[in-house]
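Participant: Attaching a single structure in C-alpha cells format; questions to follow.
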Amino acid sequence: MCLGIPMQIISREELAATACDGTKNHLIDLALTGPLEPGTWILTFLGTAREVLPEEEALKIRKALRGIADLMRGHGLGDAFSDLDDRTPQLPPHLQAALDKGETTA
C-alpha cells in the first residue's frame with residue numbers, strides 16, 4: 001500500500017523541489033504537477049508530487065496520519081479525525097441517486 005504524504009514546498013529548481021513533511025526535507029519530483037512555488041502544499045507518493053492541496057486539506061491529512069502513527073505505537077487517536085466526528089456518512093452522488101429512486105441490489 002502506498003500512502004500519500006502531504007508536504008510543503010520549501011524551494012524549487014525546474015521540476016524538482018525540496019519539500020518538508022513536518023519533520024524532514026525530501027527531494028520531490030514535480031513532473032506530474034509542473035513547477036510549483038515555495039509555500040505550495042502537495043500530496044506526494046514515493047517522492048513524486050501528484051496533487052496540489054489547499055493548506056487546510058494538507059493539515060487534515062497530516063493530522064490523520066499522525067493519529068494513525070500514534071495508534072500504532074499504542075496511544076489513542078486523540079483528535080486525529082475530529083473533522084469527521086459531527087458529520088454523517090455520505091454516499092457518492094451516483095449511489096445517493098439510486099437510493100433516492102428506491103433502487104437496491106439483491
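Every chain in the C-alpha cells takes a letter, A first, then B, and so on in the order presented; its residues are numbered from 1, and the ligands are numbered from 1 following the presented order.
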For Gly4 of chain A, find every residue with an atom within 8 Å (counting only C-alpha atoms), except residues of its own chain fewer than 5 positions away, and show them as an MDAnalysis selection string.

Facilitator: chainID A and resid 43:45

Participant: Keeping N, CA and C atoms for every residue in the selection just given, could you write it to a file as a tab-separated table (two decimals), in the first residue's frame?

Facilitator:
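Full text of selection-v8.tsv as output:
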```tsv
chain	number	residue	atom	x	y	z
A	43	LEU	N	0.47	16.72	-2.32
A	43	LEU	CA	0.34	15.36	-1.86
A	43	LEU	C	1.35	14.53	-2.64
A	44	THR	N	2.23	13.85	-1.92
A	44	THR	CA	3.32	13.11	-2.56
A	44	THR	C	3.14	11.61	-2.38
A	45	PHE	N	3.58	10.88	-3.37
A	45	PHE	CA	3.61	9.42	-3.33
A	45	PHE	C	4.97	8.99	-3.83
```

Participant: Write out as an MDAnalysis selection string each polymer residue whose atoms come within 10 Å of Gly78 of chain A, counting only C-alpha atoms; drop sequence neighbours fewer than 6 positions from it.

Facilitator: chainID A and resid 63:64 66:68 70:71

Participant: Name the residues of chain A that come out as alpha helix (DSSP H) in a backbone DSSP run; write them as a list in words.

Facilitator: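 Alpha helix (DSSP H) assignments inside chain A correspond to Glu55, Glu56, Glu57, Ala58, Leu59, Lys60, Ile61, Arg62, Lys63, Ala64, Leu65, Arg66, Gly67, Ile68, Ala69, Asp70, Leu71, Met72, Pro93, His94, Leu95, Gln96, Ala97, Ala98, Leu99 and Asp100 of chain A.
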
Participant: Identify, on the basis of only C-alpha atoms, every residue whose closest approach to Ala49 of chain A does not exceed 9 Å; exclude the query and any residue fewer than 6 positions from it along the same chain; express the result as a PyMOL selection string.

Facilitator: chain A and resi 7+28-33+42-43

Participant: To one decimal place in Å, what is the distance between atom CA of Glu57 of chain A and atom CA of Ala19 of chain A?

Facilitator: 16.6 Å

Participant: Chain A: which residues are strand (DSSP E or B) by DSSP, as a PyMOL selection string?

Facilitator: chain A and resi 5-13+16-20+25-29+41-45+48-53

Participant: Under the rule that only C-alpha atoms are counted, which of A:Leu59, A:Leu84, A:Ile5, A:Leu53 is the nearest residue to Trp41 of chain A?

Facilitator: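 Between A:Leu59, A:Leu84, A:Ile5, A:Leu53, the residue approaching Trp41 of chain A most closely is A:Leu53.
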
Participant: Looking at only C-alpha atoms, which of A:Asp21, A:Asp85, A:Glu13, A:Asp100 is the one that sits closest to Gly47 of chain A?

Facilitator: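 Smallest separation from Gly47 of chain A among the options: A:Asp21.
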
Participant: How many Å separate atom CA of Val52 of chain A from atom CA of Gly34 of chain A?

Facilitator: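 Here the two named atoms are 10.3 Å from each other.
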
Participant: For Thr23 of chain A, which of A:Pro6, A:Pro38, A:Pro92, A:Pro54 is the closest residue, counting only C-alpha atoms?

Facilitator: A:Pro6

Participant: Of the candidates A:Gln96, A:Asn25, A:Thr18, A:Gln8, which one gets nearest to Arg62 of chain A if we count only C-alpha atoms?

Facilitator: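 Of the candidates, the smallest distance to Arg62 of chain A is held by A:Gln8.
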
Participant: Can you work out the spacing between atom CA of Ala17 of chain A and atom CA of Arg50 of chain A in Å, to one decimal?

Facilitator: 12.9 Å
